[in-house]
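Engineer: You'll find query04.txt just under this line, and it carries compact mmCIF, C-alpha atoms.
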```txt
# COMPACT_ATOMS: atom_id res chain seq x y z
CA MET D 50 32.86 -25.96 -11.14
CA GLN D 51 32.23 -26.76 -14.80
CA LYS D 52 29.20 -28.82 -13.75
CA TYR D 53 27.76 -25.97 -11.67
CA LEU D 54 28.20 -23.56 -14.56
CA GLN D 55 26.46 -26.03 -16.85
CA ASN D 56 23.60 -26.43 -14.37
CA PHE D 57 23.33 -22.68 -14.01
CA GLU D 58 23.14 -22.31 -17.79
CA ILE D 59 20.46 -25.02 -17.95
CA ALA D 60 18.44 -23.30 -15.21
CA TRP D 61 18.76 -19.90 -16.86
CA ARG D 62 17.81 -21.23 -20.31
CA SER D 63 14.80 -22.99 -18.79
CA LEU D 64 13.73 -19.84 -16.96
CA TYR D 65 14.17 -17.82 -20.13
CA GLU D 66 12.26 -20.22 -22.35
CA GLU D 67 9.45 -21.09 -19.95
CA ILE D 68 8.83 -17.73 -18.30
CA PHE D 69 10.39 -14.85 -20.22
CA CYS D 70 9.37 -16.14 -23.66
CA SER D 71 5.83 -16.93 -22.58
CA PRO D 72 3.62 -13.81 -22.45
CA LYS D 73 1.25 -15.61 -20.09
CA TYR D 74 3.87 -16.59 -17.51
CA LEU D 75 5.74 -13.33 -17.88
CA THR D 76 2.51 -11.44 -17.17
CA LEU D 77 1.88 -13.60 -14.11
CA ALA D 78 5.45 -13.03 -12.85
CA LEU D 79 5.14 -9.27 -13.37
CA PHE D 80 1.72 -9.17 -11.73
CA VAL D 81 2.95 -11.00 -8.63
CA ALA D 82 6.15 -8.92 -8.48
CA VAL D 83 4.23 -5.63 -8.70
CA THR D 84 1.67 -6.85 -6.15
CA VAL D 85 4.37 -7.85 -3.65
CA PHE D 86 6.21 -4.58 -4.22
CA LEU D 87 3.07 -2.48 -3.65
CA PHE D 88 2.15 -4.59 -0.65
CA SER D 89 5.63 -4.00 0.81
CA ILE D 90 5.28 -0.23 0.50
CA TRP D 91 1.75 -0.17 1.86
CA LEU D 92 2.27 -2.84 4.54
CA PRO D 93 2.69 -0.49 7.53
CA ASN D 94 -0.29 1.60 6.48
CA LEU D 95 -2.84 -0.96 5.35
CA GLY D 96 -5.30 0.41 7.93
CA LEU D 97 -4.92 3.91 6.50
CA ILE D 98 -5.26 2.66 2.91
CA ARG D 99 -8.45 0.87 3.87
CA VAL D 100 -9.87 3.98 5.53
CA VAL D 101 -9.09 6.11 2.47
CA ILE D 102 -10.52 3.55 0.04
CA PHE D 103 -13.81 3.38 1.94
CA SER D 104 -13.97 7.04 3.00
CA PRO D 105 -16.77 9.19 1.56
CA ASP D 106 -14.48 12.21 2.09
CA PHE D 107 -12.30 11.06 -0.80
CA THR D 108 -13.55 11.09 -4.39
CA PHE D 109 -12.43 8.28 -6.69
CA LEU D 110 -9.82 10.57 -8.19
CA LYS D 111 -8.52 11.58 -4.75
CA LYS D 112 -8.34 7.94 -3.70
CA ALA D 113 -6.30 7.10 -6.79
CA LEU D 114 -4.08 10.14 -6.18
CA PHE D 115 -3.58 9.15 -2.54
CA LEU D 116 -2.52 5.62 -3.49
CA TRP D 117 -0.16 7.01 -6.12
CA ASP D 118 1.34 9.57 -3.72
CA SER D 119 1.78 6.97 -1.01
CA LEU D 120 4.17 5.12 -3.33
CA GLY D 121 6.53 8.03 -2.79
CA ALA D 122 7.32 6.32 0.52
CA ILE D 123 9.82 4.21 -1.42
CA SER D 124 12.06 7.27 -1.49
CA THR D 125 11.17 8.76 1.90
CA ASN D 126 10.62 5.70 4.06
CA PHE D 127 13.20 3.30 2.64
CA SER D 128 16.96 3.50 2.38
CA LEU D 129 18.54 2.79 -1.01
CA LEU D 130 19.60 -0.63 0.29
CA THR D 131 16.21 -1.64 1.67
CA ALA D 132 14.43 -0.32 -1.45
CA SER D 133 16.75 -2.44 -3.62
CA PHE D 134 16.18 -5.51 -1.46
CA THR D 135 12.41 -4.99 -1.60
CA LEU D 136 12.48 -4.69 -5.40
CA PHE D 137 14.71 -7.74 -5.81
CA ILE D 138 12.63 -9.90 -3.46
CA SER D 139 9.44 -8.83 -5.28
CA VAL D 140 10.89 -9.91 -8.64
CA LEU D 141 12.03 -13.22 -7.16
CA PHE D 142 8.57 -13.76 -5.63
CA GLY D 143 7.05 -13.22 -9.09
CA LEU D 144 9.44 -15.60 -10.85
CA ASN D 145 9.06 -18.32 -8.19
CA ILE D 146 5.27 -18.20 -8.28
CA SER D 147 5.16 -18.11 -12.07
CA LEU D 148 7.48 -21.09 -12.25
CA ALA D 149 5.42 -22.89 -9.59
CA VAL D 150 2.27 -22.39 -11.69
CA TYR D 151 4.16 -23.68 -14.74
CA TYR D 152 5.09 -26.80 -12.79
CA PHE D 153 1.58 -27.22 -11.53
CA LYS D 154 0.23 -27.06 -15.06
CA LYS D 155 2.88 -29.46 -16.34
CA ARG D 156 2.12 -31.65 -13.34
CA ILE D 157 5.78 -31.94 -12.43
CA THR D 158 6.40 -32.67 -8.77
CA PHE D 159 8.54 -30.05 -7.13
CA GLN D 160 8.12 -30.61 -3.41
CA LYS D 161 11.73 -29.84 -2.54
CA ALA D 162 11.97 -26.61 -4.53
CA GLY D 163 8.41 -25.66 -3.56
CA GLY D 164 9.31 -26.00 0.12
CA ILE D 165 12.41 -23.86 -0.34
CA SER D 166 10.37 -21.22 -2.22
CA ILE D 167 7.83 -21.00 0.58
CA ALA D 168 10.60 -20.73 3.18
CA GLY D 169 12.24 -17.95 1.16
CA MET D 170 8.99 -16.05 0.86
CA LEU D 171 8.26 -16.31 4.58
CA VAL D 172 11.74 -15.06 5.49
CA GLY D 173 11.33 -12.30 2.91
CA LEU D 174 8.12 -11.17 4.57
CA ILE D 175 10.00 -10.60 7.82
CA GLY D 176 12.67 -8.49 6.22
CA VAL D 177 10.59 -6.75 3.62
CA GLY D 178 8.19 -3.91 4.17
CA CYS D 179 8.77 -0.84 6.21
CA ALA D 180 12.46 -0.37 6.76
CA SER D 181 11.98 2.66 8.96
CA CYS D 182 13.68 2.04 12.28
CA GLY D 183 12.90 -1.65 12.64
CA ALA D 184 11.19 -4.39 10.64
CA ILE D 185 7.46 -4.02 11.10
CA VAL D 186 6.63 -7.71 10.66
CA LEU D 187 9.27 -8.70 13.19
CA SER D 188 7.86 -6.12 15.63
CA THR D 189 4.42 -7.65 15.22
CA LEU D 190 5.76 -11.15 15.79
CA LEU D 191 8.11 -10.42 18.69
CA GLY D 192 6.97 -7.10 20.11
CA VAL D 193 8.73 -3.76 19.75
CA GLY D 194 11.33 -4.25 22.49
CA ALA D 195 12.34 -7.77 21.45
CA ALA D 196 12.44 -6.85 17.75
CA ALA D 197 14.66 -3.85 18.52
CA ALA D 198 16.93 -6.09 20.61
CA VAL D 199 17.17 -8.71 17.85
CA THR D 200 17.85 -6.20 15.07
CA GLY D 201 20.20 -4.33 17.38
CA ILE D 202 22.57 -7.28 17.76
CA LEU D 203 22.54 -8.08 14.04
CA PRO D 204 25.37 -6.34 12.14
CA PHE D 205 23.06 -5.13 9.35
CA GLY D 206 20.18 -4.11 11.62
CA GLY D 207 17.74 -6.79 10.45
CA GLN D 208 18.54 -6.62 6.75
CA GLU D 209 19.94 -10.12 7.19
CA PHE D 210 16.37 -11.39 6.77
CA SER D 211 16.15 -9.78 3.33
CA MET D 212 19.55 -11.16 2.34
CA LEU D 213 18.59 -14.63 3.57
CA SER D 214 15.32 -14.44 1.65
CA ILE D 215 17.13 -13.46 -1.56
CA ILE D 216 19.55 -16.38 -1.19
CA ILE D 217 16.75 -18.88 -0.50
CA LEU D 218 14.54 -17.57 -3.32
CA LEU D 219 17.45 -17.64 -5.76
CA GLY D 220 18.22 -21.20 -4.65
CA ALA D 221 14.61 -22.27 -5.11
CA LEU D 222 14.50 -20.63 -8.52
CA TYR D 223 17.69 -22.42 -9.56
CA ILE D 224 16.44 -25.82 -8.40
CA THR D 225 12.97 -25.48 -9.95
CA ALA D 226 14.24 -24.01 -13.22
CA LYS D 227 16.80 -26.78 -13.57
CA LYS D 228 14.10 -29.33 -12.91
CA ALA D 229 12.04 -27.94 -15.79
CA THR D 230 14.42 -29.54 -18.24
CA ASP D 231 14.08 -32.98 -16.64
CA THR D 232 12.16 -35.23 -18.96
CA LEU D 233 9.09 -36.93 -17.60
CA VAL D 234 10.41 -40.45 -17.97
CA CYS D 235 11.49 -43.14 -15.59
CA LYS D 236 15.23 -43.38 -15.41
CA VAL D 237 16.89 -46.74 -15.88
CA LYS D 238 18.80 -47.62 -12.77
CA SER D 239 22.39 -48.57 -13.33
CA LYS D 240 23.31 -52.04 -12.11
CA ASN D 241 26.80 -50.93 -11.12
CA MET Y 98 -6.72 -26.40 -23.43
CA LYS Y 99 -7.86 -28.68 -20.67
CA THR Y 100 -6.13 -30.85 -18.09
CA SER Y 101 -7.00 -34.47 -17.59
CA ASN Y 102 -9.57 -33.59 -14.92
CA GLY Y 103 -11.28 -31.09 -17.19
CA VAL Y 104 -10.00 -27.88 -15.66
CA ASN Y 105 -9.09 -25.21 -18.18
CA LYS Y 106 -5.40 -24.44 -17.66
CA SER Y 107 -5.74 -20.70 -18.11
CA THR Y 108 -8.38 -20.81 -15.38
CA ILE Y 109 -5.70 -21.97 -12.96
CA VAL Y 110 -3.52 -18.98 -13.80
CA TRP Y 111 -6.37 -16.52 -13.39
CA LEU Y 112 -7.49 -18.26 -10.22
CA SER Y 113 -3.98 -17.74 -8.80
CA ILE Y 114 -4.19 -14.05 -9.68
CA ILE Y 115 -7.62 -13.70 -8.07
CA ILE Y 116 -6.44 -15.49 -4.92
CA ALA Y 117 -3.39 -13.20 -4.67
CA GLY Y 118 -5.61 -10.14 -5.10
CA GLY Y 119 -8.06 -11.53 -2.57
CA LEU Y 120 -5.31 -12.01 0.00
CA ILE Y 121 -4.17 -8.42 -0.41
CA GLY Y 122 -7.75 -7.21 -0.09
CA TRP Y 123 -8.28 -9.32 2.99
CA ALA Y 124 -5.09 -7.95 4.54
CA ILE Y 125 -6.33 -4.40 3.95
CA LEU Y 126 -9.77 -5.12 5.39
CA SER Y 127 -8.49 -6.96 8.44
CA SER Y 128 -5.68 -4.59 9.35
CA GLY Y 129 -5.79 -2.18 12.28
CA GLY Y 130 -6.38 1.57 12.41
CA SER Y 131 -10.12 1.58 12.18
CA ASN Y 132 -10.81 5.22 12.86
CA SER Y 133 -13.07 7.11 10.57
CA MET Y 134 -11.42 9.66 8.34
CA SER Y 135 -14.01 12.25 9.26
CA SER Y 136 -13.53 11.77 12.98
CA GLN Y 137 -12.14 14.73 14.90
CA SER Y 138 -11.46 12.63 17.96
CA THR Y 139 -7.95 11.90 19.12
CA SER Y 140 -8.90 8.61 20.67
CA VAL Y 141 -7.64 5.45 19.08
CA GLY Y 142 -8.92 2.03 19.99
CA THR Y 143 -9.71 1.80 23.66
CA ASN Y 144 -7.02 4.23 24.76
CA SER Y 145 -6.76 7.95 24.34
CA ILE Y 146 -3.66 9.73 23.15
CA SER Y 147 -3.00 12.59 25.48
CA VAL Y 148 -2.16 15.71 23.52
CA ASN Y 149 -0.45 17.55 26.37
CA GLY Y 150 3.12 17.07 25.18
CA PRO Y 151 5.28 19.82 23.72
CA THR Y 152 3.11 21.45 21.10
CA LEU Y 153 3.91 23.48 18.02
CA GLY Y 154 1.15 25.75 16.74
CA ASP Y 155 -2.22 27.05 17.83
CA ALA Y 156 -3.76 25.05 20.68
CA GLN Y 157 -7.19 25.60 19.08
CA ALA Y 158 -6.18 24.23 15.66
CA PRO Y 159 -8.79 21.81 14.29
CA VAL Y 160 -6.26 19.16 13.33
CA THR Y 161 -3.75 17.58 15.71
CA ILE Y 162 -0.74 15.62 14.54
CA VAL Y 163 0.89 13.55 17.26
CA GLU Y 164 4.32 12.20 16.38
CA TYR Y 165 5.88 9.27 18.22
CA GLY Y 166 9.56 9.50 17.43
CA HIS Y 167 13.06 9.36 18.78
CA PHE Y 168 16.11 11.51 18.22
CA LYS Y 169 18.39 8.81 16.80
CA CYS Y 170 15.90 7.47 14.26
CA PRO Y 171 17.08 8.25 10.69
CA PHE Y 172 13.55 8.33 9.28
CA CYS Y 173 12.32 10.68 12.02
CA ASN Y 174 15.27 12.80 10.99
CA ARG Y 175 14.24 12.66 7.35
CA PHE Y 176 10.70 13.68 8.30
CA PHE Y 177 12.13 16.52 10.40
CA ARG Y 178 14.25 17.82 7.52
CA GLU Y 179 11.97 17.25 4.53
CA THR Y 180 8.31 17.04 5.52
CA GLU Y 181 7.87 18.85 8.81
CA PRO Y 182 8.99 22.25 7.42
CA GLN Y 183 6.31 21.99 4.71
CA ILE Y 184 3.64 21.12 7.29
CA VAL Y 185 4.78 24.02 9.45
CA GLU Y 186 4.68 26.45 6.55
CA LYS Y 187 1.34 25.40 5.09
CA TYR Y 188 -0.69 24.33 8.10
CA ILE Y 189 0.88 25.21 11.44
CA LYS Y 190 1.67 28.84 10.70
CA THR Y 191 -1.87 29.29 9.39
CA GLY Y 192 -3.37 27.92 12.61
CA ARG Y 193 -4.99 24.89 11.01
CA VAL Y 194 -2.77 22.20 12.53
CA LYS Y 195 -0.98 21.74 15.81
CA PHE Y 196 1.91 19.33 16.18
CA VAL Y 197 2.54 17.34 19.37
CA TRP Y 198 5.73 15.45 20.17
CA LYS Y 199 5.74 12.10 21.99
CA ASP Y 200 8.84 10.13 22.93
CA PHE Y 201 9.26 6.61 21.65
CA PRO Y 202 12.92 5.76 22.39
CA PHE Y 203 12.70 2.03 21.73
CA GLU Y 204 16.32 1.63 20.65
CA GLU Y 205 18.98 0.52 23.11
CA GLY Y 206 21.35 3.12 24.52
CA ALA Y 207 21.17 5.25 27.63
CA ASP Y 208 22.21 8.34 25.66
CA LEU Y 209 18.95 8.24 23.73
CA GLN Y 210 16.91 8.21 26.94
CA ARG Y 211 19.02 11.11 28.23
CA ALA Y 212 18.50 13.09 25.03
CA HIS Y 213 14.73 12.77 25.42
CA GLN Y 214 14.95 13.86 29.05
CA ALA Y 215 17.19 16.79 28.10
CA ALA Y 216 14.59 18.04 25.62
CA TYR Y 217 12.08 18.31 28.49
CA CYS Y 218 14.65 20.14 30.60
CA ALA Y 219 14.90 22.63 27.74
CA ASN Y 220 11.09 22.72 27.69
CA ASP Y 221 11.19 23.97 31.31
CA GLN Y 222 12.82 27.09 29.89
CA GLY Y 223 10.46 27.32 26.92
CA LYS Y 224 12.90 25.95 24.34
CA PHE Y 225 11.77 22.41 23.63
CA TRP Y 226 11.52 22.84 19.87
CA GLU Y 227 14.86 24.61 19.58
CA TYR Y 228 16.46 21.76 21.51
CA HIS Y 229 14.56 19.16 19.47
CA ASP Y 230 15.87 20.80 16.27
CA ALA Y 231 19.42 20.95 17.66
CA LEU Y 232 19.43 17.20 18.43
CA PHE Y 233 18.16 16.23 14.99
CA THR Y 234 20.51 18.65 13.24
CA TYR Y 235 23.54 17.47 15.20
CA ILE Y 236 23.03 13.77 14.45
CA TRP Y 237 22.34 14.54 10.78
CA ASP Y 238 25.43 16.72 10.37
CA ASN Y 239 27.79 14.36 12.19
CA TYR Y 240 26.42 10.90 11.36
CA PHE Y 241 23.59 10.37 8.88
CA SER Y 242 24.82 12.80 6.24
CA ARG Y 243 28.19 11.03 6.36
CA ASN Y 244 26.60 7.56 6.15
CA LEU Y 245 27.70 6.80 9.70
CA ASN Y 246 25.55 4.67 11.99
CA GLY Y 247 24.26 7.21 14.48
CA GLU Y 248 21.75 4.77 15.94
CA GLU Y 249 24.33 2.60 17.64
CA ALA Y 250 26.96 5.21 18.38
CA LEU Y 251 27.20 7.09 21.65
CA VAL Y 252 25.99 10.38 20.15
CA PHE Y 253 24.25 12.28 22.93
CA THR Y 254 26.66 12.22 25.86
CA ASP Y 255 25.73 14.33 28.89
CA VAL Y 256 28.58 16.68 28.00
CA LYS Y 257 27.14 17.16 24.51
CA LEU Y 258 23.59 17.60 25.81
CA LYS Y 259 24.78 20.29 28.23
CA GLU Y 260 26.74 21.92 25.42
CA PHE Y 261 23.55 22.25 23.37
CA SER Y 262 21.82 24.00 26.28
CA SER Y 263 24.63 26.50 26.45
CA GLN Y 264 24.51 27.09 22.68
CA LEU Y 265 20.77 27.74 22.86
CA GLY Y 266 21.25 30.31 25.61
CA LEU Y 267 19.50 28.33 28.33
CA ASP Y 268 20.21 28.80 32.02
CA THR Y 269 22.82 26.03 32.19
CA VAL Y 270 22.74 25.70 35.97
CA LYS Y 271 19.03 24.94 35.90
CA PHE Y 272 19.36 22.74 32.83
CA ASN Y 273 22.25 20.71 34.25
CA SER Y 274 20.47 20.26 37.56
CA CYS Y 275 17.35 19.07 35.75
CA LEU Y 276 19.27 16.61 33.57
CA ASP Y 277 21.42 15.28 36.42
CA SER Y 278 18.39 14.67 38.62
CA GLY Y 279 16.64 12.49 36.02
CA LYS Y 280 13.53 14.59 36.56
CA TYR Y 281 11.89 13.52 33.30
CA ALA Y 282 12.99 9.89 33.12
CA GLN Y 283 9.53 8.70 34.13
CA LEU Y 284 7.75 10.98 31.66
CA VAL Y 285 9.82 9.58 28.77
CA LYS Y 286 9.00 6.04 29.92
CA ASP Y 287 5.30 6.93 30.24
CA ASN Y 288 5.23 8.30 26.69
CA TYR Y 289 6.87 5.13 25.42
CA ASN Y 290 4.34 2.96 27.25
CA GLU Y 291 1.49 5.08 25.92
CA GLY Y 292 2.86 4.52 22.41
CA ILE Y 293 2.96 0.77 22.96
CA ALA Y 294 -0.65 0.90 24.17
CA GLN Y 295 -1.60 2.78 20.98
CA GLY Y 296 -0.02 0.07 18.82
CA VAL Y 297 3.08 2.01 17.85
CA LYS Y 298 5.65 -0.46 16.48
CA SER Y 299 8.17 1.74 14.75
CA THR Y 300 9.20 5.34 14.43
CA PRO Y 301 8.08 7.74 13.22
CA THR Y 302 4.41 6.95 13.77
CA PHE Y 303 1.83 9.72 13.55
CA PHE Y 304 -1.76 10.10 14.64
CA ILE Y 305 -3.60 12.73 12.63
CA ASN Y 306 -6.82 13.37 14.57
CA GLY Y 307 -6.52 9.76 15.63
CA GLN Y 308 -5.71 8.30 12.20
CA LYS Y 309 -2.52 6.27 12.38
CA VAL Y 310 0.10 7.00 9.72
CA VAL Y 311 3.29 4.94 9.88
CA GLY Y 312 6.67 6.03 8.56
CA ALA Y 313 8.21 9.06 6.94
CA GLN Y 314 5.54 9.42 4.28
CA PRO Y 315 5.83 12.08 1.59
CA PHE Y 316 4.33 15.50 2.30
CA SER Y 317 1.56 14.89 -0.26
CA VAL Y 318 0.25 11.99 1.86
CA PHE Y 319 0.10 14.18 4.98
CA GLU Y 320 -1.44 16.96 2.91
CA GLN Y 321 -4.30 14.79 1.68
CA ILE Y 322 -5.08 13.41 5.13
CA ILE Y 323 -4.97 16.87 6.71
CA GLU Y 324 -7.21 18.32 3.98
CA SER Y 325 -9.75 15.54 4.53
CA LYS Y 326 -9.78 16.37 8.24
CA LEU Y 327 -10.27 20.06 7.53
CA GLN Y 328 -13.33 19.45 5.34
```
Now that the file is in, can you turn its structure into structure tokens?
Structural biologist:
Amino acid sequence: MQKYLQNFEIAWRSLYEEIFCSPKYLTLALFVAVTVFLFSIWLPNLGLIRVVIFSPDFTFLKKALFLWDSLGAISTNFSLLTASFTLFISVLFGLNISLAVYYFKKRITFQKAGGISIAGMLVGLIGVGCASCGAIVLSTLLGVGAAAAVTGILPFGGQEFSMLSIIILLGALYITAKKATDTLVCKVKSKN
Amino acid sequence: MKTSNGVNKSTIVWLSIIIAGGLIGWAILSSGGSNSMSSQSTSVGTNSISVNGPTLGDAQAPVTIVEYGHFKCPFCNRFFRETEPQIVEKYIKTGRVKFVWKDFPFEEGADLQRAHQAAYCANDQGKFWEYHDALFTYIWDNYFSRNLNGEEALVFTDVKLKEFSSQLGLDTVKFNSCLDSGKYAQLVKDNYNEGIAQGVKSTPTFFINGQKVVGAQPFSVFEQIIESKLQ
């Protein structure tokens, strides 16, 4: 237990020093988090957003107003739980990607954590997005009837995907952040 | 600052940002719902949405909103309570919009199918919308407002559906006979299949003069789309 707490502290300190204290990486994390959050809200209506953006019937101001107003869907088209999950997953997306870029720049290999991050993000995509009466990504993948059947038998109506994504993304963040403190040296193998 | 292969490190960061932005842009450009905003047609894709369902408002209204919904959907209920009254007040009562209901009972549960059929039995006696309102109000009062899961519960039993007809002053003999016979079972199924053909994946989904709008969006979103159609 003591060891886990120590590792957690190491991971948190690393995350704090490498991401939160670096304006560059913090900006990247925020940018990705905001992008994922906006994408989640707009996901079911990307066709409509595209039409409005390219419509001559909307002035630039009206287009901006429409995009702003459509963000109100977070209160009308999401439950408190799904809105919280969406926000949390977006932040974790941002931190994972920012940390991945940090690793890439430091040229530290992170295959294991990188794989977990990608898995977490893919699972998150299924759960995230429109929470109105069925996950929209799952409906696209499985069809409406099958998606309704799958979410129907799950105790939390499909929110399990969001929960799973949060767990996987947190795990990936922990592993990668902990790895950031590993020194880039070859370890001497013990003979015993 | 440069890496060993000469690539500026900040370039990598900005490249990541550009790629992320590009992916979002691509998703927007390649997504469905291609109808022009200025189109007055109600056709979407290769199929046409029939607008001969229960209709609220002036049949000659220049804008038609078709809603695919179901009576146990909490977000359809939210739209019914929060947004629909504003649309009714501002656009339907003024003859500028008509509102058409389409069934999309994709959730499991025979009671949901029966509730949709019952609404058409009420329609036979000219009280579809009153019955529609009664169903949404009942599930809100007894389930959603109390944080109870109305979607999976047996909410609309035949006894309850017949009780609503009595409360609304319908001819209960005719109503009960209609419901018991399953007269509208096929119509509800047909509406559902039509929704599938139109690419409906969740409820509520709206088509405003053919433009697909998914979810219980705020009134201001509906307002801006309707205004653009009225131009």
Engineer: Leaving out range 117-127 of chain D and any residue of its chain fewer than 2 positions from it, which residues lie within 9 Å of it when counting only C-alpha atoms, given as a compact mmCIF listing (two decimals) with C-alpha atoms, in the coordinates of the input?
Structural biologist:
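The resulting file, result.txt, is reproduced below:
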```txt
# COMPACT_ATOMS: atom_id res chain seq x y z
CA LEU D 87 3.07 -2.48 -3.65
CA ILE D 90 5.28 -0.23 0.50
CA TRP D 91 1.75 -0.17 1.86
CA LYS D 112 -8.34 7.94 -3.70
CA ALA D 113 -6.30 7.10 -6.79
CA LEU D 114 -4.08 10.14 -6.18
CA PHE D 115 -3.58 9.15 -2.54
CA LEU D 129 18.54 2.79 -1.01
CA LEU D 130 19.60 -0.63 0.29
CA THR D 131 16.21 -1.64 1.67
CA ALA D 132 14.43 -0.32 -1.45
CA GLY D 178 8.19 -3.91 4.17
CA CYS D 179 8.77 -0.84 6.21
CA ALA D 180 12.46 -0.37 6.76
CA SER D 181 11.98 2.66 8.96
CA PHE Y 172 13.55 8.33 9.28
CA ARG Y 175 14.24 12.66 7.35
CA PHE Y 176 10.70 13.68 8.30
CA GLU Y 179 11.97 17.25 4.53
CA GLY Y 312 6.67 6.03 8.56
CA ALA Y 313 8.21 9.06 6.94
CA GLN Y 314 5.54 9.42 4.28
CA PRO Y 315 5.83 12.08 1.59
CA PHE Y 316 4.33 15.50 2.30
CA SER Y 317 1.56 14.89 -0.26
CA VAL Y 318 0.25 11.99 1.86
```
Engineer: Would you mind reading off the distance between CA of Ile165 in chain D and CA of Ala149 in chain D, one decimal, in Å?
Structural biologist: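 Result for CA of Ile165 in chain D versus CA of Ala149 in chain D: 11.6 Å, one decimal.
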Engineer: Please provide as a ChimeraX atom specification all residues within 12 Å of Leu144 in chain D, with the sequence filter that same-chain residues fewer than 2 positions apart are discarded (counting all atoms listed in the file).
Structural biologist: /D:61,64-65,67-69,74-83,85,137-142,146-151,166,170,218-219,221-223,225-226
Engineer: How many Å lie between CA of Lys259 in chain Y and CA of Ala219 in chain Y, rounded to one decimal?
Structural biologist: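 Atom-to-atom, CA of Lys259 in chain Y to CA of Ala219 in chain Y, that is 10.2 Å.
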Engineer: So which one's closest to Ser299 in chain Y, D:Pro93, D:Phe86, D:Pro72, D:Glu66? Using all atoms listed in the file, please.
Structural biologist: D:Pro93
Engineer: So, with all atoms listed in the file as the atoms that count, which of Y:Asn244, Y:Ser262, Y:Thr269, Y:Thr234 lies closest to chain D?
Structural biologist: Y:Asn244
Engineer: Rounded to one decimal place, report the CA of Gly279 in chain Y-CA of Gln214 in chain Y distance in Å.
Structural biologist: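 Atom-to-atom, CA of Gly279 in chain Y and CA of Gln214 in chain Y are spaced 7.3 Å apart.
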